[in-house]
Every structure is written in structure tokens, then in C-alpha cells.
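query34.txt follows; it contains compact mmCIF, C-alpha atoms.
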```txt
# COMPACT_ATOMS: atom_id res chain seq x y z
CA MET A 99 61.69 41.32 17.14
CA GLN A 100 62.00 37.85 15.62
CA SER A 101 58.40 38.07 14.43
CA ASN A 102 59.10 41.40 12.73
CA LYS A 103 62.14 39.94 10.98
CA ARG A 104 60.07 37.03 9.69
CA TYR A 105 57.39 39.43 8.46
CA ASP A 106 59.98 41.60 6.69
CA LEU A 107 61.53 38.54 5.05
CA ARG A 108 58.13 37.32 3.93
CA LYS A 109 57.33 40.74 2.50
CA ILE A 110 60.60 40.79 0.56
CA CYS A 111 59.88 37.32 -0.82
CA ASN A 112 56.40 38.43 -1.88
CA ILE A 113 57.80 41.48 -3.65
CA ILE A 114 60.34 39.34 -5.51
CA ILE A 115 57.68 36.81 -6.55
CA ILE A 116 55.01 39.31 -7.58
CA PHE A 117 56.99 42.21 -9.01
CA ILE A 118 60.01 40.42 -10.48
CA ILE A 119 59.44 36.73 -11.13
CA MET A 120 55.87 36.97 -12.40
CA PRO A 121 56.54 39.79 -14.89
CA LEU A 122 59.58 37.87 -16.11
CA VAL A 123 57.43 34.77 -16.66
CA ILE A 124 54.90 36.80 -18.65
CA TYR A 125 57.66 38.52 -20.63
CA SER A 126 59.27 35.17 -21.39
CA GLY A 127 55.98 33.78 -22.59
CA VAL A 128 55.40 36.72 -24.92
CA THR A 129 58.98 37.02 -26.16
CA PHE A 130 60.30 33.48 -26.39
CA LEU A 131 57.12 31.45 -26.76
CA GLY A 132 55.27 33.93 -28.95
CA ASP A 133 52.13 33.67 -26.77
CA ARG A 134 51.58 30.15 -28.09
CA LYS A 135 52.06 28.53 -24.67
CA TYR A 136 49.67 30.71 -22.69
CA TYR A 137 48.18 27.66 -20.91
CA PHE A 138 51.63 26.76 -19.66
CA ILE A 139 52.35 30.35 -18.59
CA SER A 140 48.97 30.62 -16.87
CA ILE A 141 49.61 27.45 -14.86
CA ILE A 142 53.02 28.74 -13.79
CA LEU A 143 51.45 32.03 -12.70
CA ALA A 144 48.74 30.17 -10.80
CA MET A 145 51.37 28.21 -8.88
CA LEU A 146 53.42 31.35 -8.22
CA SER A 147 50.25 33.07 -6.96
CA CYS A 148 49.93 30.42 -4.28
CA LEU A 149 53.44 31.00 -2.92
CA PRO A 150 52.82 34.34 -1.13
CA PHE A 151 49.68 32.84 0.42
CA PHE A 152 51.49 29.78 1.75
CA LEU A 153 54.57 31.74 2.83
CA ARG A 154 52.51 33.54 5.44
CA TYR A 155 52.14 30.25 7.34
CA GLU A 156 55.87 29.58 7.57
CA LYS A 157 56.17 26.05 8.98
CA LYS A 158 52.50 25.32 9.62
CA LYS A 159 49.95 24.37 7.00
CA PRO A 160 46.90 26.52 6.20
CA GLN A 161 43.62 25.19 7.50
CA PRO A 162 41.10 23.78 5.01
CA ARG A 163 38.71 26.56 6.08
CA GLU A 164 41.24 29.17 4.98
CA ILE A 165 41.68 27.62 1.55
CA MET A 166 37.91 27.18 1.23
CA THR A 167 37.33 30.84 2.06
CA ILE A 168 39.64 31.93 -0.76
CA ALA A 169 37.97 29.45 -3.12
CA VAL A 170 34.53 30.83 -2.26
CA MET A 171 35.64 34.43 -2.87
CA ALA A 172 37.13 33.44 -6.22
CA ALA A 173 33.91 31.58 -7.09
CA ILE A 174 31.83 34.66 -6.26
CA SER A 175 34.14 36.73 -8.45
CA VAL A 176 33.81 34.29 -11.36
CA ALA A 177 30.03 34.10 -10.99
CA GLY A 178 29.83 37.89 -10.96
CA ARG A 179 31.86 38.17 -14.14
CA ILE A 180 29.60 35.66 -15.87
CA LEU A 181 26.45 37.39 -14.61
CA PHE A 182 27.49 40.78 -15.99
CA ALA A 183 29.09 39.45 -19.17
CA VAL A 184 26.49 41.19 -21.32
CA ILE A 185 27.79 44.63 -20.25
CA PRO A 186 31.31 45.23 -21.65
CA GLY A 187 33.78 46.42 -19.01
CA PHE A 188 31.20 46.18 -16.23
CA LYS A 189 32.41 43.40 -13.95
CA PRO A 190 32.80 42.88 -10.17
CA VAL A 191 36.07 40.93 -10.33
CA ALA A 192 38.37 43.77 -9.25
CA ALA A 193 35.99 44.81 -6.47
CA ILE A 194 35.60 41.32 -4.99
CA THR A 195 39.34 40.74 -5.31
CA ALA A 196 40.00 44.02 -3.51
CA ILE A 197 37.50 43.19 -0.75
CA THR A 198 39.25 39.85 -0.24
CA GLY A 199 42.59 41.62 0.07
CA ILE A 200 41.24 44.23 2.49
CA TYR A 201 39.74 41.72 4.91
CA LEU A 202 41.79 38.56 4.40
CA GLY A 203 45.22 39.98 3.57
CA ALA A 204 47.28 40.97 0.56
CA GLU A 205 48.34 37.41 -0.26
CA ALA A 206 44.73 36.19 -0.23
CA GLY A 207 43.76 39.12 -2.43
CA PHE A 208 46.40 38.31 -5.02
CA LEU A 209 45.49 34.63 -5.11
CA THR A 210 41.78 35.45 -5.50
CA GLY A 211 42.45 37.80 -8.40
CA ALA A 212 44.69 35.35 -10.23
CA LEU A 213 42.29 32.44 -9.74
CA SER A 214 39.34 34.58 -10.83
CA ALA A 215 41.01 35.26 -14.17
CA ILE A 216 42.09 31.74 -15.05
CA VAL A 217 38.86 30.09 -13.85
CA SER A 218 36.45 32.59 -15.43
CA ASN A 219 38.29 32.30 -18.73
CA ILE A 220 37.20 28.68 -18.86
CA PHE A 221 33.84 30.23 -19.79
CA PHE A 222 35.08 33.31 -21.68
CA GLY A 223 37.98 31.65 -23.47
CA GLN A 224 41.61 31.20 -22.50
CA GLY A 225 44.20 33.07 -24.53
CA PRO A 226 47.42 35.09 -24.40
CA TRP A 227 45.49 37.72 -22.42
CA THR A 228 44.89 35.34 -19.49
CA PRO A 229 48.34 35.76 -17.85
CA PHE A 230 47.97 39.54 -18.03
CA GLN A 231 44.53 39.38 -16.41
CA MET A 232 45.81 37.05 -13.71
CA PHE A 233 48.66 39.37 -12.86
CA ILE A 234 46.69 42.63 -12.96
CA TRP A 235 43.68 41.41 -10.97
CA GLY A 236 46.05 39.73 -8.54
CA LEU A 237 47.99 42.96 -8.16
CA ILE A 238 44.79 44.87 -7.44
CA GLY A 239 43.98 42.42 -4.65
CA TYR A 240 47.50 42.61 -3.26
CA VAL A 241 47.59 46.42 -3.15
CA ALA A 242 44.12 46.48 -1.58
CA GLY A 243 45.41 44.13 1.12
CA LEU A 244 48.36 46.37 1.88
CA LEU A 245 46.09 49.40 2.09
CA GLY A 246 43.65 47.42 4.21
CA LYS A 247 46.25 47.22 6.96
CA THR A 248 45.95 51.00 7.39
CA GLY A 249 42.33 50.61 8.50
CA LYS A 250 41.19 53.35 6.13
CA MET A 251 39.84 51.26 3.28
CA GLU A 252 36.29 51.00 4.58
CA SER A 253 35.36 54.65 3.99
CA LYS A 254 33.35 55.48 0.87
CA LEU A 255 35.93 58.04 -0.25
CA SER A 256 38.81 55.55 -0.02
CA LEU A 257 36.82 52.89 -1.85
CA THR A 258 35.87 55.35 -4.58
CA ILE A 259 39.45 56.49 -5.12
CA PHE A 260 40.73 52.92 -5.11
CA GLY A 261 38.02 51.82 -7.54
CA VAL A 262 38.98 54.51 -10.02
CA ILE A 263 42.71 53.76 -9.75
CA ALA A 264 42.08 50.01 -10.07
CA GLY A 265 40.06 50.62 -13.24
CA ILE A 266 42.87 52.67 -14.73
CA LEU A 267 45.47 50.08 -13.69
CA TYR A 268 43.50 47.26 -15.31
CA SER A 269 43.06 49.19 -18.55
CA PHE A 270 46.69 50.30 -18.68
CA GLY A 271 47.90 46.77 -17.99
CA MET A 272 45.67 45.09 -20.57
CA ASP A 273 46.64 47.65 -23.20
CA VAL A 274 50.20 46.34 -22.92
CA TRP A 275 48.88 43.01 -24.18
CA SER A 276 46.75 44.77 -26.81
CA VAL A 277 49.81 46.45 -28.33
CA ILE A 278 51.89 43.28 -28.32
CA SER A 279 49.06 41.19 -29.78
CA ILE A 280 48.70 43.52 -32.76
CA SER A 281 52.31 44.17 -33.72
CA GLY A 282 54.23 41.49 -31.86
CA LEU A 283 56.35 44.23 -30.31
CA PHE A 284 55.79 46.88 -27.68
CA SER A 285 56.15 50.51 -28.69
CA ILE A 286 55.31 53.67 -26.76
CA GLU A 287 53.54 55.22 -29.75
CA ALA A 288 51.24 52.24 -30.19
CA TYR A 289 50.65 52.07 -26.45
CA VAL A 290 49.58 55.72 -26.26
CA THR A 291 47.22 55.09 -29.16
CA ALA A 292 45.77 52.04 -27.41
CA LEU A 293 45.27 54.02 -24.21
CA SER A 294 43.43 56.79 -26.03
CA THR A 295 41.10 54.41 -27.87
CA ALA A 296 40.41 52.49 -24.65
CA ILE A 297 39.24 55.55 -22.69
CA PRO A 298 35.52 54.56 -22.79
CA PHE A 299 36.37 51.11 -21.44
CA THR A 300 38.68 52.57 -18.80
CA ILE A 301 35.86 54.81 -17.62
CA MET A 302 33.51 51.82 -17.50
CA TYR A 303 36.07 49.77 -15.53
CA ALA A 304 36.43 52.59 -13.00
CA ILE A 305 32.69 53.16 -12.66
CA SER A 306 31.93 49.46 -12.20
CA ASN A 307 34.69 49.13 -9.60
CA VAL A 308 33.33 52.03 -7.59
CA ILE A 309 29.73 50.78 -7.78
CA PHE A 310 30.59 47.23 -6.74
CA LEU A 311 32.98 48.35 -4.00
CA LEU A 312 30.38 50.68 -2.48
CA LEU A 313 27.65 48.03 -2.70
CA LEU A 314 29.58 44.94 -1.65
CA THR A 315 32.35 45.99 0.74
CA LYS A 316 30.19 46.33 3.84
CA PRO A 317 28.03 43.17 3.53
CA ILE A 318 30.84 40.90 2.34
CA GLY A 319 33.36 42.52 4.69
CA GLU A 320 31.16 41.91 7.73
CA LYS A 321 30.77 38.25 6.81
CA LEU A 322 34.51 37.84 6.31
CA LYS A 323 35.16 39.47 9.69
CA ARG A 324 32.79 37.04 11.40
CA ILE A 325 34.41 34.08 9.66
CA LYS A 326 37.88 35.22 10.75
CA VAL A 327 36.77 35.64 14.37
CA LYS A 328 34.67 32.46 14.54
CA TYR A 329 37.29 30.16 13.04
CA ASN A 330 40.42 32.16 13.91
CA ILE A 331 41.72 32.10 10.36
CA LEU A 332 43.74 34.43 8.13
CA ASN A 333 44.72 36.65 11.02
CA ASN A 334 48.52 36.61 10.70
```

Using the file provided, produce a representation of the structure as C-alpha cells.
Amino acid sequence: MQSNKRYDLRKICNIIIIFIIMPLVIYSGVTFLGDRKYYFISIILAMLSCLPFFLRYEKKKPQPREIMTIAVMAAISVAGRILFAVIPGFKPVAAITAITGIYLGAEAGFLTGALSAIVSNIFFGQGPWTPFQMFIWGLIGYVAGLLGKTGKMESKLSLTIFGVIAGILYSFGMDVWSVISISGLFSIEAYVTALSTAIPFTIMYAISNVIFLLLLTKPIGEKLKRIKVKYNILNN
């Protein structure tokens, strides 16, 4: 009973951090700082992304192996984005982030997605879009982790559906930044226009997610399972 209460409290804290505090930080950066302090906002988001991961350990500290595992998954994600940079919209970041969430937990998934965005943009260029990418890719990893607890995320059908939805979510989220970057304000009319013009990219995001999820989930997932069992990490 006590364990369930701690889990419920941790889940509430995660929801507050991810769905309330982080959006407020991004909104504050856009509204009050005019997107000029995106490095500062990105660093704040990176620190906030760590909180759900560390909250799962309560009073004990995470093992170096656990932190290293997340770092490796983020590194694979970054390398994949660089490798496929020549194909617009075709990137494995969402897929690898989702796989991390499915097998290592929602908090690990969010942290991997956020780190993938800020680190890969060292190569692609940091900008006002970075906080949006951090949040959206992190959210994809977090949702994948929650769904992973159901035990149904390893089927091809589930991965396909999730890949499509994740592609749409990424496109819809980034179009919020697109509208604000053009006019300085958000309007429904401009947002609908942005969504319609971004349809080819949205389709590409969805297709790439499905392809990478179907290709990578089993081999990477099996390795992550073995690591968890061998070192007894990221099980709580």
C-alpha cells in the first residue's frame, strides 16, 4: 500500500513537471523573452527533464550504469539523426526515444527525447525551436513508456499506430513554433494553414517512425532487456 502511494505521488509530480511546468517555461520564453534566450530555456528544460528520472529513485541514487544506459540511447538517437540528415523529416529520434520509454520506463524515455534534441542541435543549430523539440520528443518517449507498461507495445500493429500518432504529434507541436516564429503571436487561422502546408512532412515523420520502430524495436529491445536483467537496473 505504501509503495502504491509513493508511485501515485511520483506520477502526480511527473504530470505537474511535464504537463504544467515545462509548457509554462516554454511559454514564458516565447512571450516574455521573445525567443532570444532559447539557450537559457533549453538548459532549464534539460534540468527539468532529469527530475522525473531521479524522482523514481526516491532516497537512493541512480547507479552509474543506469545513467550511462540513458546516455547511450540518446547518443544513438543523435547519431541516427545526423546519419539521415540528408532526408528531410526522415529521422529515427522519435523511434529510439519511444523504444527507450517502452523498455526503460516513461521517465527514461522523456529524458532521452529531451537530450536527443538539445545535443543533436549542437550539429544542426540551436534556436528557438530547440525547447519545442525537447518537449515534444520527450513527450513521445514518456507516452511510449506509459504504454509500455501494458505489455502491448511490442506488436507490429501497436508500433505502427504509435509511429503514425507520434509523427502527427511532432508535426502538430512544431507547427506551434512555426506560427509563433512568423507572426510573433499564435492564431488558430495561421496554425491551420501551417498544418495544411506541413502535410508532406507530417506524412514523412509518420512513415519514418513506423519504419524505424519496426526495424529497431526488437533488436534494441532485446539488448535493453538483457542489460536490465544482468545489472538489475531501471526496474522500478

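Distance annotation: of A:Ile197, A:Ile124, A:Gly211, A:Phe117, the residue with the minimal separation from A:Pro317 is A:Ile197; atom set is all atoms listed in the file.
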
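Computed from the coordinates, the atom CA of A:Leu122 to atom CA of A:Leu267 distance equals 18.8 Å.
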
Kindly list the centre and edge lengths in Å, rounded to one decimal, for the axis-aligned box that covers all listed atoms of stretch 246-249 of chain A plus 3 Å on each of its six sides, as JSON.
```
{"center_x": 44.3, "center_y": 49.1, "center_z": 6.4, "size_x": 9.9, "size_y": 9.8, "size_z": 10.3}
```

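When only C-alpha atoms are used to measure the gap to A:Ile139, the shortest distance among A:Pro229, A:Pro160, A:Gly207, A:Pro121 belongs to A:Pro229.
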
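Reported to one decimal place, the separation of atom CA of A:Ser306 from atom CA of A:Glu252 is 17.4 Å.
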
Contacts of A:Ile174 at 12 Å or less, counting all atoms listed in the file, minus same-chain residues fewer than 3 places along, as a PDB file with C-alpha atoms, keeping the file's coordinate frame?
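Dumped to out23.pdb:
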```pdb
ATOM      1  CA  THR A 167      37.330  30.840   2.060  1.00  0.00           C
ATOM      2  CA  ILE A 168      39.640  31.930  -0.760  1.00  0.00           C
ATOM      3  CA  ALA A 169      37.970  29.450  -3.120  1.00  0.00           C
ATOM      4  CA  VAL A 170      34.530  30.830  -2.260  1.00  0.00           C
ATOM      5  CA  MET A 171      35.640  34.430  -2.870  1.00  0.00           C
ATOM      6  CA  ALA A 177      30.030  34.100 -10.990  1.00  0.00           C
ATOM      7  CA  GLY A 178      29.830  37.890 -10.960  1.00  0.00           C
ATOM      8  CA  ARG A 179      31.860  38.170 -14.140  1.00  0.00           C
ATOM      9  CA  ILE A 180      29.600  35.660 -15.870  1.00  0.00           C
ATOM     10  CA  LEU A 181      26.450  37.390 -14.610  1.00  0.00           C
ATOM     11  CA  LYS A 189      32.410  43.400 -13.950  1.00  0.00           C
ATOM     12  CA  PRO A 190      32.800  42.880 -10.170  1.00  0.00           C
ATOM     13  CA  VAL A 191      36.070  40.930 -10.330  1.00  0.00           C
ATOM     14  CA  ALA A 192      38.370  43.770  -9.250  1.00  0.00           C
ATOM     15  CA  ALA A 193      35.990  44.810  -6.470  1.00  0.00           C
ATOM     16  CA  ILE A 194      35.600  41.320  -4.990  1.00  0.00           C
ATOM     17  CA  THR A 195      39.340  40.740  -5.310  1.00  0.00           C
ATOM     18  CA  ILE A 197      37.500  43.190  -0.750  1.00  0.00           C
ATOM     19  CA  THR A 198      39.250  39.850  -0.240  1.00  0.00           C
ATOM     20  CA  THR A 210      41.780  35.450  -5.500  1.00  0.00           C
ATOM     21  CA  GLY A 211      42.450  37.800  -8.400  1.00  0.00           C
ATOM     22  CA  LEU A 213      42.290  32.440  -9.740  1.00  0.00           C
ATOM     23  CA  SER A 214      39.340  34.580 -10.830  1.00  0.00           C
ATOM     24  CA  VAL A 217      38.860  30.090 -13.850  1.00  0.00           C
ATOM     25  CA  SER A 218      36.450  32.590 -15.430  1.00  0.00           C
ATOM     26  CA  LEU A 314      29.580  44.940  -1.650  1.00  0.00           C
ATOM     27  CA  ILE A 318      30.840  40.900   2.340  1.00  0.00           C
TER      28      ILE A 318
END
```

Inset, instruction - For stretch 277-279 of chain A, please output as an MDAnalysis selection string all residues within 12 Å (counting all atoms listed in the file; exclusion window: fewer than 2 positions along the same chain). - result: chainID A and resid 125 127:129 132:134 225:227 230 270:275 281:293 295:296

Inset, instruction - Dump as number ranges by chain all residues having an atom at most 12 Å from (52.5, 31.3, 4.2), computed in the file's coordinates with all atoms listed in the file. - result: A: 104-105, 107-109, 111-112, 147-161, 164-165, 203-206, 332-334

Inset, instruction - Using only C-alpha atoms, pick whichever of A:Tyr329, A:Tyr201, A:Tyr136, A:Phe188 has the shortest atom-to-atom distance to A:Asn307. - result: A:Phe188

Inset, instruction - Using atom CA of A:Pro298 and atom CA of A:Phe222 as the two end points, give the distance in Å to one decimal. - result: 21.3 Å

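Within the 10 Å cut-off around A:Pro186, using all atoms listed in the file and omitting residues fewer than 2 positions from it on the same chain, the listed residues are Phe182, Ala183, Val184, Phe188, Lys189, Phe299, Met302 and Tyr303 of chain A.
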
Give me, as a compact mmCIF listing (two decimals) with C-alpha atoms, in the coordinates of the input, all polymer residues having an atom no more than 9 Å from A:Ile216, counting all atoms listed in the file and skipping those fewer than 6 positions away in the same chain.
```
# COMPACT_ATOMS: atom_id res chain seq x y z
CA SER A 140 48.97 30.62 -16.87
CA ILE A 141 49.61 27.45 -14.86
CA ALA A 144 48.74 30.17 -10.80
CA GLN A 224 41.61 31.20 -22.50
CA THR A 228 44.89 35.34 -19.49
CA PRO A 229 48.34 35.76 -17.85
CA GLN A 231 44.53 39.38 -16.41
CA MET A 232 45.81 37.05 -13.71
```

Inset, instruction - For A:Thr258, please output as a PyMOL selection string all residues within 9 Å (counting all atoms listed in the file; exclusion window: fewer than 2 positions along the same chain). - result: chain A and resi 253-256+260-263+304-305+307-309+311-312

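Using only C-alpha atoms, the nearest neighbour of A:Ile301 within the list A:Gly187, A:Lys328, A:Gly236, A:Ala196 is A:Gly187.
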
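With only C-alpha atoms as the atoms that count, the residue of A:Phe208, A:Ile259, A:Ile116, A:Ala215 with the shortest distance to A:Ala173 is A:Ala215.
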